[in-house]
$ cat start22.cif   # mmCIF, C-alpha atoms
data_my_file
#
loop_
_atom_site.label_atom_id
_atom_site.label_comp_id
_atom_site.auth_asym_id
_atom_site.auth_seq_id
_atom_site.Cartn_x
_atom_site.Cartn_y
_atom_site.Cartn_z
CA MET A 22 0.99 252.56 -52.02
CA SER A 23 -0.78 253.25 -55.29
CA LEU A 24 1.07 254.46 -58.36
CA ALA A 25 -0.65 257.88 -58.13
CA ALA A 26 0.35 258.30 -54.49
CA ALA A 27 3.93 257.30 -55.23
CA THR A 28 4.06 259.77 -58.12
CA ASN A 29 2.72 262.56 -55.93
CA GLU A 30 5.26 261.78 -53.21
CA HIS A 31 8.08 261.79 -55.76
CA LEU A 32 6.93 265.16 -57.16
CA ALA A 33 6.79 266.59 -53.64
CA SER A 34 10.36 265.42 -53.05
CA VAL A 35 11.47 266.99 -56.34
CA SER A 36 9.74 270.22 -55.33
CA ASN A 37 11.62 270.31 -52.01
CA THR A 38 14.91 269.70 -53.80
CA LEU A 39 14.22 272.52 -56.25
CA ILE A 40 13.35 274.94 -53.43
CA TYR A 41 16.59 274.13 -51.61
CA SER A 42 18.51 274.46 -54.89
CA SER A 43 16.97 277.89 -55.51
CA MET A 44 18.07 278.93 -52.03
CA ALA A 45 21.64 277.92 -52.87
CA VAL A 46 21.62 279.99 -56.07
CA TYR A 47 19.93 282.92 -54.28
CA THR A 48 22.82 282.78 -51.79
CA LEU A 49 25.33 283.10 -54.64
CA ALA A 50 23.31 286.04 -56.00
CA PHE A 51 23.34 287.61 -52.53
CA PHE A 52 27.15 287.54 -52.43
CA ALA A 53 27.32 288.91 -55.99
CA TYR A 54 25.10 291.85 -54.99
CA ILE A 55 27.36 292.39 -51.96
CA ALA A 56 30.37 292.46 -54.28
CA GLU A 57 28.64 295.00 -56.50
CA TRP A 58 28.12 297.34 -53.56
CA LEU A 59 31.66 296.80 -52.25
CA PHE A 60 33.37 297.54 -55.54
CA GLY A 61 31.02 300.46 -56.10
CA SER A 62 32.14 301.97 -52.79
CA ARG A 63 35.67 302.20 -54.18
CA SER A 64 34.58 303.78 -57.45
CA LYS A 65 35.35 307.28 -58.68
CA VAL A 66 31.72 308.27 -58.23
CA ALA A 67 31.75 307.27 -54.57
CA ARG A 68 35.03 309.12 -53.97
CA THR A 69 33.59 312.21 -55.64
CA ALA A 70 30.46 311.98 -53.49
CA SER A 71 32.64 311.77 -50.39
CA ALA A 72 34.63 314.80 -51.51
CA LEU A 73 31.44 316.81 -51.98
CA THR A 74 30.51 316.30 -48.33
CA ALA A 75 34.01 316.67 -46.92
CA ASP A 76 34.10 320.46 -47.09
CA GLY A 77 31.10 322.73 -46.94
CA ALA A 78 28.54 319.95 -46.70
CA GLY A 79 25.88 322.39 -45.62
CA ALA A 80 26.16 324.50 -48.70
CA LYS A 81 23.24 324.45 -51.02
CA ARG A 82 25.53 323.52 -53.88
CA ALA A 83 29.09 322.31 -54.26
CA GLN A 84 31.53 323.44 -56.92
CA ALA A 85 33.51 320.74 -58.75
CA PRO A 86 37.15 321.29 -59.69
CA ALA A 87 37.96 323.26 -62.78
CA VAL A 88 38.66 321.55 -66.09
CA THR A 89 41.68 322.54 -68.18
CA VAL A 90 41.06 322.56 -71.94
CA LYS A 91 43.90 323.05 -74.43
CA THR A 92 43.17 325.11 -77.52
CA ALA A 93 45.22 326.02 -80.59
CA GLY A 94 45.87 329.53 -79.36
CA GLY A 95 46.76 328.68 -75.80
CA THR A 96 45.17 327.19 -72.74
CA ALA A 97 41.66 327.95 -71.54
CA VAL A 98 40.39 327.12 -68.08
CA LEU A 99 36.69 326.32 -67.86
CA ASP A 100 34.51 325.66 -64.85
CA ARG A 101 32.66 322.38 -64.59
CA PRO A 102 28.89 322.50 -64.16
CA GLU A 103 27.81 322.87 -60.56
CA VAL A 104 26.78 319.78 -58.65
CA VAL A 105 23.42 320.73 -57.19
CA VAL A 106 22.62 319.40 -53.74
CA ARG A 107 19.51 321.42 -52.99
CA ALA A 108 17.82 324.14 -54.99
CA ALA A 109 18.00 327.66 -53.62
CA ALA A 110 14.23 327.85 -53.28
CA GLY A 111 14.21 324.86 -50.95
CA SER A 112 12.91 322.32 -53.44
CA ARG A 113 15.29 319.51 -54.20
CA ASP A 114 17.07 319.18 -57.48
CA VAL A 115 19.22 316.12 -56.83
CA PRO A 116 20.19 313.80 -59.68
CA ASP A 117 19.73 310.06 -59.33
CA GLY A 118 22.77 308.10 -58.24
CA PRO A 119 24.53 305.77 -60.67
CA GLY A 120 23.42 302.59 -58.90
CA ALA A 121 25.10 300.11 -56.59
CA HIS A 122 28.10 299.69 -58.91
CA GLY A 123 28.87 303.43 -58.61
CA GLY A 124 30.20 303.55 -62.14
CA ASP A 125 32.90 300.96 -61.39
CA GLU A 126 33.30 298.43 -64.22
CA GLN A 127 34.07 295.53 -61.93
CA GLY A 128 31.17 296.44 -59.67
CA ASP A 129 28.87 296.55 -62.69
CA MET A 130 30.14 293.13 -63.77
CA TYR A 131 29.25 291.65 -60.37
CA GLY A 132 25.86 293.35 -60.58
CA ARG A 133 25.16 291.72 -63.94
CA ILE A 134 26.31 288.37 -62.56
CA ALA A 135 23.96 288.85 -59.61
CA VAL A 136 21.03 289.54 -61.92
CA SER A 137 21.86 286.45 -63.99
CA LEU A 138 21.95 284.32 -60.83
CA THR A 139 18.66 285.89 -59.73
CA VAL A 140 17.06 284.85 -63.02
CA LEU A 141 18.41 281.30 -62.64
CA SER A 142 17.23 280.98 -59.04
CA PHE A 143 13.82 282.41 -60.00
CA LEU A 144 13.42 279.73 -62.67
CA ILE A 145 14.46 276.99 -60.26
CA GLU A 146 12.08 278.24 -57.57
CA PHE A 147 9.27 278.58 -60.10
CA ALA A 148 9.88 274.95 -61.09
CA GLY A 149 9.69 274.02 -57.40
CA VAL A 150 6.34 275.78 -57.01
CA LEU A 151 5.06 274.12 -60.19
CA THR A 152 6.08 270.61 -59.09
CA ARG A 153 4.47 271.27 -55.70
CA ALA A 154 1.24 272.06 -57.57
CA LEU A 155 1.56 268.86 -59.59
CA SER A 156 2.16 266.82 -56.45
CA VAL A 157 -1.08 268.03 -54.83
CA ARG A 158 -2.98 268.46 -58.12
CA ARG A 159 -4.27 271.90 -57.19
CA ALA A 160 -3.14 275.51 -56.88
CA PRO A 161 0.07 275.60 -54.78
CA TRP A 162 -1.13 277.98 -52.11
CA GLY A 163 -3.28 275.96 -49.71
CA ASN A 164 -1.13 276.63 -46.62
CA MET A 165 1.51 279.07 -45.37
CA TYR A 166 4.44 277.06 -46.72
CA GLU A 167 3.01 277.08 -50.22
CA PHE A 168 2.04 280.74 -49.89
CA ASN A 169 5.58 281.64 -48.80
CA ILE A 170 7.38 279.93 -51.66
CA THR A 171 4.90 281.37 -54.16
CA PHE A 172 5.12 284.84 -52.62
CA SER A 173 8.91 284.96 -52.86
CA THR A 174 8.77 283.69 -56.45
CA VAL A 175 6.32 286.42 -57.44
CA ALA A 176 8.33 289.13 -55.61
CA VAL A 177 11.47 288.19 -57.54
CA GLY A 178 9.40 288.02 -60.73
CA VAL A 179 8.17 291.58 -60.19
CA PHE A 180 11.78 292.74 -59.73
CA LEU A 181 12.90 290.99 -62.93
CA VAL A 182 9.98 292.43 -64.91
CA LEU A 183 10.94 295.93 -63.78
CA LEU A 184 14.50 295.25 -64.91
CA ALA A 185 13.26 293.92 -68.25
CA LEU A 186 11.30 297.16 -68.68
CA ARG A 187 14.64 298.98 -68.23
CA LYS A 188 13.65 300.58 -64.95
CA ASN A 189 16.47 301.76 -62.70
CA VAL A 190 15.78 299.25 -59.91
CA ARG A 191 18.91 297.14 -59.60
CA TRP A 192 19.41 298.75 -56.19
CA LEU A 193 16.47 296.57 -55.11
CA GLY A 194 18.49 293.42 -55.67
CA LEU A 195 20.32 293.16 -52.35
CA PRO A 196 17.39 293.89 -49.98
CA LEU A 197 15.09 291.73 -52.11
CA ILE A 198 17.33 288.67 -52.18
CA THR A 199 18.08 289.05 -48.47
CA THR A 200 14.41 288.93 -47.53
CA VAL A 201 13.69 286.16 -50.06
CA LEU A 202 16.33 283.99 -48.38
CA LEU A 203 14.81 284.74 -44.97
CA ASP A 204 11.34 283.97 -46.32
CA LEU A 205 12.40 280.64 -47.83
CA GLY A 206 14.40 279.74 -44.73
CA LEU A 207 11.30 280.31 -42.61
CA ALA A 208 9.22 278.31 -45.08
CA VAL A 209 11.39 275.18 -45.11
CA THR A 210 12.17 275.14 -41.37
CA VAL A 211 9.09 276.43 -39.54
CA LEU A 212 6.18 276.54 -41.97
CA TYR A 213 6.77 273.37 -43.96
CA THR A 214 3.63 271.29 -44.45
CA ALA A 215 3.52 267.98 -46.28
CA SER A 216 1.51 267.83 -49.51
CA ASP A 217 -2.15 267.29 -48.77
CA GLN A 218 -5.58 267.97 -50.19
CA LEU A 219 -7.70 270.96 -49.24
CA VAL A 220 -10.81 271.11 -47.12
CA PRO A 221 -14.06 271.15 -49.15
CA ALA A 222 -14.55 274.92 -48.66
CA LEU A 223 -11.41 275.60 -50.71
CA HIS A 224 -12.39 273.46 -53.68
CA SER A 225 -13.43 276.39 -55.83
CA TYR A 226 -12.16 278.31 -58.85
CA TRP A 227 -12.07 281.32 -56.50
CA LEU A 228 -8.94 279.77 -54.98
CA TYR A 229 -7.12 280.57 -58.22
CA ILE A 230 -8.58 284.07 -58.46
CA HIS A 231 -8.66 285.33 -54.87
CA VAL A 232 -5.45 283.84 -53.47
CA SER A 233 -3.35 284.46 -56.58
CA THR A 234 -4.25 288.16 -56.59
CA ALA A 235 -3.55 288.37 -52.85
CA ILE A 236 -0.07 286.90 -53.39
CA PHE A 237 0.65 289.25 -56.29
CA CYS A 238 -0.55 292.29 -54.34
CA GLY A 239 1.59 291.34 -51.35
CA ALA A 240 4.67 290.95 -53.54
CA VAL A 241 4.14 294.37 -55.15
CA PHE A 242 3.38 295.99 -51.79
CA TYR A 243 6.67 294.56 -50.55
CA VAL A 244 8.60 296.15 -53.43
CA GLY A 245 6.87 299.45 -52.65
CA ALA A 246 7.77 299.13 -48.96
CA VAL A 247 11.47 298.65 -49.78
CA GLY A 248 11.34 301.77 -51.94
CA THR A 249 9.66 303.67 -49.11
CA ILE A 250 12.26 302.65 -46.53
CA LEU A 251 15.11 303.66 -48.82
CA TYR A 252 13.32 306.94 -49.52
CA LEU A 253 13.27 307.76 -45.81
CA PHE A 254 17.03 307.11 -45.53
CA LYS A 255 17.85 309.13 -48.65
CA ASP A 256 15.55 311.97 -47.59
CA SER A 257 17.26 312.18 -44.19
CA TYR A 258 20.64 312.18 -45.93
CA GLU A 259 19.66 315.02 -48.26
CA ASN A 260 18.16 316.99 -45.36
CA LYS A 261 21.39 316.59 -43.41
CA LEU A 262 23.42 317.94 -46.32
CA ALA A 263 21.05 320.88 -46.76
CA THR A 264 21.18 321.88 -43.10
CA GLY A 265 24.95 321.80 -42.78
CA GLY A 266 25.35 318.32 -41.38
CA LYS A 267 28.12 315.93 -42.35
CA PRO A 268 26.89 312.38 -43.04
CA GLY A 269 29.18 309.50 -42.22
CA ARG A 270 31.47 308.03 -44.84
CA PHE A 271 29.51 304.80 -45.09
CA ALA A 272 26.17 306.60 -45.43
CA THR A 273 27.64 308.87 -48.09
CA SER A 274 29.05 305.99 -50.10
CA VAL A 275 25.79 304.00 -50.03
CA LEU A 276 23.15 306.71 -50.29
CA GLU A 277 24.88 308.73 -53.00
CA ARG A 278 24.50 305.71 -55.31
CA LEU A 279 20.76 305.41 -54.77
CA PRO A 280 18.19 307.38 -56.79
CA ALA A 281 17.24 310.78 -55.41
CA SER A 282 14.68 310.81 -52.62
CA SER A 283 12.10 312.32 -54.97
CA SER A 284 12.63 309.42 -57.41
CA LEU A 285 12.32 306.81 -54.65
CA ASP A 286 9.19 308.50 -53.32
CA LYS A 287 7.66 308.56 -56.80
CA PHE A 288 8.62 304.92 -57.40
CA ALA A 289 6.98 303.74 -54.17
CA TYR A 290 3.86 305.80 -54.83
CA ARG A 291 3.42 304.50 -58.36
CA ILE A 292 3.91 300.90 -57.25
CA ASN A 293 1.37 301.16 -54.42
CA ALA A 294 -1.13 303.16 -56.48
CA ALA A 295 -0.93 300.69 -59.37
CA VAL A 296 -1.67 297.63 -57.23
CA PHE A 297 -4.26 299.20 -54.91
CA PRO A 298 -7.21 298.58 -57.29
CA LEU A 299 -6.16 294.91 -57.51
CA TRP A 300 -6.12 294.69 -53.71
CA THR A 301 -9.64 296.09 -53.74
CA PHE A 302 -10.62 293.35 -56.20
CA THR A 303 -8.94 290.76 -53.92
CA ILE A 304 -11.21 291.73 -51.02
CA ILE A 305 -14.30 291.72 -53.25
CA ALA A 306 -13.36 288.31 -54.69
CA GLY A 307 -12.86 286.97 -51.17
CA ALA A 308 -16.29 288.23 -50.15
CA ILE A 309 -17.91 286.52 -53.13
CA TRP A 310 -16.08 283.29 -52.32
CA ALA A 311 -17.18 283.56 -48.68
CA GLY A 312 -20.77 283.90 -49.86
CA ASP A 313 -20.44 280.72 -51.89
CA ALA A 314 -18.63 278.74 -49.19
CA TRP A 315 -20.23 279.96 -45.95
CA GLY A 316 -23.47 281.62 -47.02
CA ARG A 317 -22.43 285.13 -45.97
CA TYR A 318 -20.36 287.63 -47.91
CA TRP A 319 -18.82 289.21 -44.82
CA ASN A 320 -18.37 287.60 -41.40
CA TRP A 321 -15.88 289.98 -39.76
CA ASP A 322 -13.50 287.05 -39.61
CA PRO A 323 -10.00 288.16 -38.44
CA LYS A 324 -8.57 287.63 -41.92
CA GLU A 325 -11.38 289.65 -43.51
CA THR A 326 -11.07 292.37 -40.89
CA TRP A 327 -7.33 292.81 -41.31
CA SER A 328 -7.65 292.73 -45.09
CA PHE A 329 -10.06 295.63 -44.78
CA ILE A 330 -7.76 297.44 -42.31
CA THR A 331 -4.92 297.05 -44.81
CA TRP A 332 -7.16 298.46 -47.55
CA VAL A 333 -8.04 301.47 -45.36
CA ALA A 334 -4.37 302.07 -44.52
CA TYR A 335 -3.33 302.10 -48.17
CA ALA A 336 -6.31 304.30 -49.04
CA CYS A 337 -5.11 306.74 -46.36
CA TYR A 338 -1.63 306.66 -47.88
CA LEU A 339 -2.92 307.46 -51.37
CA HIS A 340 -5.04 310.26 -49.94
CA ALA A 341 -2.07 311.60 -47.98
CA ARG A 342 0.05 311.68 -51.14
CA ALA A 343 -2.59 313.91 -52.71
CA THR A 344 -2.69 316.24 -49.70
CA ALA A 345 -0.08 319.01 -49.65
CA GLY A 346 0.64 318.87 -45.92
CA TRP A 347 1.07 315.09 -45.86
CA LYS A 348 3.32 314.47 -48.84
CA GLY A 349 6.77 313.08 -48.28
CA ARG A 350 7.77 311.52 -44.97
CA LYS A 351 4.33 311.58 -43.33
CA ALA A 352 2.81 309.69 -46.25
CA ALA A 353 5.77 307.29 -46.25
CA TYR A 354 5.13 306.41 -42.61
CA ILE A 355 1.52 305.61 -43.46
CA ALA A 356 2.70 303.38 -46.33
CA LEU A 357 4.92 301.41 -43.95
CA ILE A 358 2.07 301.08 -41.44
CA ALA A 359 -0.13 299.77 -44.27
CA PHE A 360 2.47 297.17 -45.25
CA ALA A 361 2.87 296.19 -41.58
CA CYS A 362 -0.90 295.58 -41.55
CA TRP A 363 -0.52 293.32 -44.59
CA LEU A 364 2.29 291.38 -42.88
CA PHE A 365 0.24 290.94 -39.71
CA ASN A 366 -2.75 289.88 -41.79
CA TYR A 367 -0.65 287.05 -43.17
CA TYR A 368 1.71 285.96 -40.38
CA GLY A 369 -0.02 287.24 -37.25
CA VAL A 370 -3.58 286.25 -38.11
CA ASN A 371 -2.61 282.87 -39.58
CA ILE A 372 -0.41 281.85 -36.65
CA PHE A 373 -1.91 283.50 -33.57
CA VAL A 374 -5.61 284.10 -34.33
CA SER A 375 -8.27 281.50 -34.99
CA GLY A 376 -11.09 282.04 -37.46
CA LYS A 377 -12.85 280.71 -40.49
CA HIS A 378 -9.61 280.95 -42.46
CA SER A 379 -7.83 278.60 -40.01
CA TYR A 380 -8.38 275.56 -42.20
CA ALA A 381 -4.94 274.61 -43.44
CA GLY A 382 -2.71 275.03 -40.39
CA VAL A 383 0.66 276.48 -41.23
#
$ encode --input "start22.cif" --output "structure tokens"
Amino acid sequence: MSLAAATNEHLASVSNTLIYSSMAVYTLAFFAYIAEWLFGSRSKVARTASALTADGAGAKRAQAPAVTVKTAGGTAVLDRPEVVVRAAAGSRDVPDGPGAHGGDEQGDMYGRIAVSLTVLSFLIEFAGVLTRALSVRRAPWGNMYEFNITFSTVAVGVFLVLLALRKNVRWLGLPLITTVLLDLGLAVTVLYTASDQLVPALHSYWLYIHVSTAIFCGAVFYVGAVGTILYLFKDSYENKLATGGKPGRFATSVLERLPASSSLDKFAYRINAAVFPLWTFTIIAGAIWAGDAWGRYWNWDPKETWSFITWVAYACYLHARATAGWKGRKAAYIALIAFACWLFNYYGVNIFVSGKHSYAGV
């Protein structure tokens, strides 16, 4: 074995070790996020939320207890501001929840620990992706294993960037880390492929442009999909309160700590709208690369077809959000269908359908 081959094999082994190490730290972060939610459920905010739905849950607004204020000349009793559940006109006026910690100091401490562990695991996983690239001396996304570990790294990176920008997104931590662990578990057990060189068609600078943007778009679409799913749950919860229903204790404790449904809907829309032009560029870049590699810009290959279907689905979602009768839940369903198309384009097409893109196996 040559020195170069031995070095590449050693780097591949280091990469595998780093990926497994990141999974271990992600697991610790997962339990820390769980602790944040558990301690938050016992917080004063959660108990207050439960009290608001215990009596008169169908009322359009709930009155908080009075506050006693002592003054020099005696004692004055003042009413607290009303806690608005739904505006009288039918439009919602619900404040955002405090977050997973629910205002509990210990819950907040576990949340900050979870974020710190997420940063550490992100750095370890990023190092694993980088050493994988060094071992193969190319971009680390030539097969599904490499795509998976890069995708999860970028998804966590997007989450951390949003936190660094002081966005109220720590509620994303638990669902994000859960799916990242599933993604990495699938990568190292089912999709693992030994380091190898690419077929000649992939030896192009378009590999860095086209595939990197596809990975980034998928990671952002995923964040938007999580926001959309949570929006649907929170919207159902708010509807139940407004129509006189009584949500369960668990649902009340969890959903009251999330942002309002309008905030979640706006978050998902902004995320999807921001990345949609980049997804358009991804398809165009892929067409240009296809023209260079195969002599035709568009071959109706399964991967190309489903990329276009995904583009159409997200375009329909953006159009629905701009149409009065389709805002809200209807548009959210379209967004989830669009993300399902993206998932099938990656997993379904790569595993079950043969085409021109079936060059690297899994």
$ atom_distance --input "start22.cif" --atom1 "CA of Thr152 in chain A" --atom2 "CA of Leu203 in chain A"
21.8 Å
$ closest_residue --input "start22.cif" --among "A:Phe147, A:Glu277, A:Asn189, A:Gly266" --to "Ser62 in chain A" --atoms "all atoms listed in the file"
A:Glu277
$ resolve_selection --input "start22.cif" --expression "the PyMOL selection byres ((chain A and resi 212) around 9)" --output "PDB file with C-alpha atoms, keeping the file's coordinate frame"
ATOM      1  CA  ASN A 164      -1.130 276.630 -46.620  1.00  0.00           C
ATOM      2  CA  MET A 165       1.510 279.070 -45.370  1.00  0.00           C
ATOM      3  CA  TYR A 166       4.440 277.060 -46.720  1.00  0.00           C
ATOM      4  CA  GLU A 167       3.010 277.080 -50.220  1.00  0.00           C
ATOM      5  CA  ASN A 169       5.580 281.640 -48.800  1.00  0.00           C
ATOM      6  CA  LEU A 207      11.300 280.310 -42.610  1.00  0.00           C
ATOM      7  CA  ALA A 208       9.220 278.310 -45.080  1.00  0.00           C
ATOM      8  CA  VAL A 209      11.390 275.180 -45.110  1.00  0.00           C
ATOM      9  CA  THR A 210      12.170 275.140 -41.370  1.00  0.00           C
ATOM     10  CA  VAL A 211       9.090 276.430 -39.540  1.00  0.00           C
ATOM     11  CA  TYR A 213       6.770 273.370 -43.960  1.00  0.00           C
ATOM     12  CA  THR A 214       3.630 271.290 -44.450  1.00  0.00           C
ATOM     13  CA  VAL A 383       0.660 276.480 -41.230  1.00  0.00           C
TER      14      VAL A 383
END
$ atom_distance --input "start22.cif" --atom1 "CA of Val182 in chain A" --atom2 "CA of Ala33 in chain A"
28.4 Å
$ resolve_selection --input "start22.cif" --expression "the PyMOL selection byres ((chain A and resi 47) around 10)" --output "ChimeraX atom specification"
/A:41-46,48-53,135,138-143,146,198-199,201-202
$ residues_around --input "start22.cif" --residues "Pro161 in chain A" --least-positions-apart "4" --cutoff "9 Å" --atoms "all atoms listed in the file" --output "list in words"
Val150, Leu151, Thr152, Arg153, Ala154, Leu155, Val157, Glu167, Phe168 and Thr171 of chain A
$ write_last_selection --input "start22.cif" --atoms "C-alpha atoms" --output "PDB file, keeping the file's coordinate frame"
ATOM      1  CA  VAL A 150       6.340 275.780 -57.010  1.00  0.00           C
ATOM      2  CA  LEU A 151       5.060 274.120 -60.190  1.00  0.00           C
ATOM      3  CA  THR A 152       6.080 270.610 -59.090  1.00  0.00           C
ATOM      4  CA  ARG A 153       4.470 271.270 -55.700  1.00  0.00           C
ATOM      5  CA  ALA A 154       1.240 272.060 -57.570  1.00  0.00           C
ATOM      6  CA  LEU A 155       1.560 268.860 -59.590  1.00  0.00           C
ATOM      7  CA  VAL A 157      -1.080 268.030 -54.830  1.00  0.00           C
ATOM      8  CA  GLU A 167       3.010 277.080 -50.220  1.00  0.00           C
ATOM      9  CA  PHE A 168       2.040 280.740 -49.890  1.00  0.00           C
ATOM     10  CA  THR A 171       4.900 281.370 -54.160  1.00  0.00           C
TER      11      THR A 171
END
$ closest_residue --input "start22.cif" --among "A:Ala295, A:Leu193, A:Ala361, A:Ile40" --to "Val241 in chain A" --atoms "all atoms listed in the file"
A:Ala295
$ atom_distance --input "start22.cif" --atom1 "CA of Val244 in chain A" --atom2 "CA of Gly178 in chain A"
11.0 Å
$ residues_around --input "start22.cif" --residues "Ala352 in chain A" --least-positions-apart "2" --cutoff "6 Å" --atoms "all atoms listed in the file" --output "PyMOL selection string"
chain A and resi 338+341-342+347-350+354-355
$ closest_residue --input "start22.cif" --among "A:Ser284, A:Ile250, A:Tyr368, A:Leu262" --to "Ala356 in chain A" --atoms "all atoms listed in the file"
A:Ile250
$ resolve_selection --input "start22.cif" --expression "the PyMOL selection byres ((chain A and resi 116) around 8)" --output "number ranges by chain"
A: 114-115, 117-118, 280-281
$ axis_aligned_box --input "start22.cif" --around "range 224-232 of chain A" --padding-each-side "3 Å" --output "lines of an AutoDock Vina configuration file"
center_x = -9.4
center_y = 279.4
center_z = -56.2
size_x = 14.0
size_y = 17.9
size_z = 11.4
$ closest_residue --input "start22.cif" --among "A:Phe302, A:Leu339, A:Trp327, A:Trp315" --to "Val374 in chain A" --atoms "only C-alpha atoms"
A:Trp327
$ closest_residue --input "start22.cif" --among "A:Leu279, A:Ala334, A:Ala240, A:Leu59" --to "Tyr131 in chain A" --atoms "all atoms listed in the file"
A:Leu59
$ residues_around --input "start22.cif" --residues "range 256-258 of chain A" --least-positions-apart "6" --cutoff "8 Å" --atoms "all atoms listed in the file" --output "ChimeraX atom specification"
/A:268,272,276,282
$ build_atoms --input "start22.cif" --residues "range 159-178 of chain A" --atoms "N, CA and C atoms" --output "mmCIF file, in the coordinates of the input"
data_model
loop_
_atom_site.group_PDB
_atom_site.id
_atom_site.type_symbol
_atom_site.label_atom_id
_atom_site.label_comp_id
_atom_site.auth_asym_id
_atom_site.auth_seq_id
_atom_site.Cartn_x
_atom_site.Cartn_y
_atom_site.Cartn_z
ATOM 1 N N ARG A 159 -3.449 270.718 -57.453
ATOM 2 C CA ARG A 159 -4.270 271.900 -57.190
ATOM 3 C C ARG A 159 -3.357 273.116 -57.216
ATOM 4 N N ALA A 160 -3.935 274.287 -56.969
ATOM 5 C CA ALA A 160 -3.140 275.510 -56.880
ATOM 6 C C ALA A 160 -2.187 275.399 -55.684
ATOM 7 N N PRO A 161 -0.923 275.786 -55.848
ATOM 8 C CA PRO A 161 0.070 275.600 -54.780
ATOM 9 C C PRO A 161 0.075 276.699 -53.738
ATOM 10 N N TRP A 162 -1.098 277.000 -53.187
ATOM 11 C CA TRP A 162 -1.130 277.980 -52.110
ATOM 12 C C TRP A 162 -2.276 277.658 -51.138
ATOM 13 N N GLY A 163 -2.257 276.399 -50.659
ATOM 14 C CA GLY A 163 -3.280 275.960 -49.710
ATOM 15 C C GLY A 163 -2.858 276.094 -48.269
ATOM 16 N N ASN A 164 -1.607 276.440 -47.988
ATOM 17 C CA ASN A 164 -1.130 276.630 -46.620
ATOM 18 C C ASN A 164 0.004 277.663 -46.644
ATOM 19 N N MET A 165 0.528 277.990 -45.461
ATOM 20 C CA MET A 165 1.510 279.070 -45.370
ATOM 21 C C MET A 165 2.822 278.716 -46.060
ATOM 22 N N TYR A 166 3.212 277.447 -46.018
ATOM 23 C CA TYR A 166 4.440 277.060 -46.720
ATOM 24 C C TYR A 166 4.300 277.328 -48.206
ATOM 25 N N GLU A 167 3.222 276.889 -48.785
ATOM 26 C CA GLU A 167 3.010 277.080 -50.220
ATOM 27 C C GLU A 167 2.862 278.567 -50.553
ATOM 28 N N PHE A 168 2.188 279.296 -49.671
ATOM 29 C CA PHE A 168 2.040 280.740 -49.890
ATOM 30 C C PHE A 168 3.407 281.415 -49.870
ATOM 31 N N ASN A 169 4.266 281.015 -48.922
ATOM 32 C CA ASN A 169 5.580 281.640 -48.800
ATOM 33 C C ASN A 169 6.447 281.429 -50.036
ATOM 34 N N ILE A 170 6.516 280.186 -50.511
ATOM 35 C CA ILE A 170 7.380 279.930 -51.660
ATOM 36 C C ILE A 170 6.818 280.594 -52.919
ATOM 37 N N THR A 171 5.493 280.687 -53.007
ATOM 38 C CA THR A 171 4.900 281.370 -54.160
ATOM 39 C C THR A 171 5.098 282.874 -54.048
ATOM 40 N N PHE A 172 4.943 283.406 -52.844
ATOM 41 C CA PHE A 172 5.120 284.840 -52.620
ATOM 42 C C PHE A 172 6.519 285.297 -53.008
ATOM 43 N N SER A 173 7.535 284.564 -52.544
ATOM 44 C CA SER A 173 8.910 284.960 -52.860
ATOM 45 C C SER A 173 9.180 284.841 -54.354
ATOM 46 N N THR A 174 8.598 283.832 -55.001
ATOM 47 C CA THR A 174 8.770 283.690 -56.450
ATOM 48 C C THR A 174 8.177 284.887 -57.179
ATOM 49 N N VAL A 175 6.986 285.296 -56.780
ATOM 50 C CA VAL A 175 6.320 286.420 -57.440
ATOM 51 C C VAL A 175 7.086 287.722 -57.169
ATOM 52 N N ALA A 176 7.578 287.905 -55.939
ATOM 53 C CA ALA A 176 8.330 289.130 -55.610
ATOM 54 C C ALA A 176 9.564 289.257 -56.496
ATOM 55 N N VAL A 177 10.297 288.159 -56.663
ATOM 56 C CA VAL A 177 11.470 288.190 -57.540
ATOM 57 C C VAL A 177 11.036 288.412 -58.983
ATOM 58 N N GLY A 178 9.914 287.809 -59.381
ATOM 59 C CA GLY A 178 9.400 288.020 -60.730
ATOM 60 C C GLY A 178 9.070 289.473 -61.003
#
